[in-house]
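Before any comments, here is the structure.
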Amino acid sequence: MINRDTVKVLDLKPITRAMCDDFYAKINSEFKTPEDIKEAISRWQDDSKKINHLWWVLNYHSDNLDANRELRAFIERHLDNLAQDEKISLEE
């Protein structure tokens, strides 16, 4: 799960399964491996909302995209790092 503090700092919202349908179709057609999805995360690295959306897609469609939960854990760590950076910038 995404850390509660991370959700608060980045103002991440829950996303319903229905809201994930289009993004799921796009991910399924564009990315063939977990490494491809990780590469996409690196391109979206500062867009916490889009990365959060991807996390929800992976969560709802875990059987097809993330059965071993590695991608979600990768995203959770990335979001935690973004939140930490945001905290630091707010303290300066």
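We name chains A, B, ... following the order of the structure tokens; residues begin at 1 in each chain, and ligands are numbered from 1 as shown.
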Inset, instruction - as JSON, numbers by chain, list the residues of chain A assigned to helix (DSSP H, G or I) by DSSP on the backbone atoms of this structure. - result: {"A": [4, 5, 6, 7, 8, 9, 10, 17, 18, 19, 20, 21, 22, 23, 24, 25, 26, 27, 28, 29, 30, 34, 35, 36, 37, 38, 39, 40, 41, 42, 43, 48, 49, 50, 51, 52, 53, 54, 55, 56, 57, 58, 59, 60, 62, 63, 64, 65, 70, 71, 72, 73, 74, 75, 76, 77, 78, 79, 80, 81, 82, 83, 84, 85, 86, 87, 88, 89, 90, 91]}
Inset, instruction - Tell me, as number ranges by chain, which residues lie within 9 Å of Val9 in chain A, counting only C-alpha atoms; anything in the same chain fewer than 3 positions away does not count. - result: A: 4-6, 12, 83-84, 86-87
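Closest approach to Thr33 in chain A among A:Met1, A:Leu65, A:Leu79, A:Leu90 is made by A:Leu65 (distances from only C-alpha atoms).
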Inset, instruction - Write out as an NGL selection string which residues come within 12 Å of range 39-51 of chain A when counting only C-alpha atoms, dropping same-chain ones fewer than 4 positions away. - result: :A and (2 or 6-15 or 20 or 23 or 26-27 or 30-35 or 55-58 or 71-72 or 74-83 or 85-86)
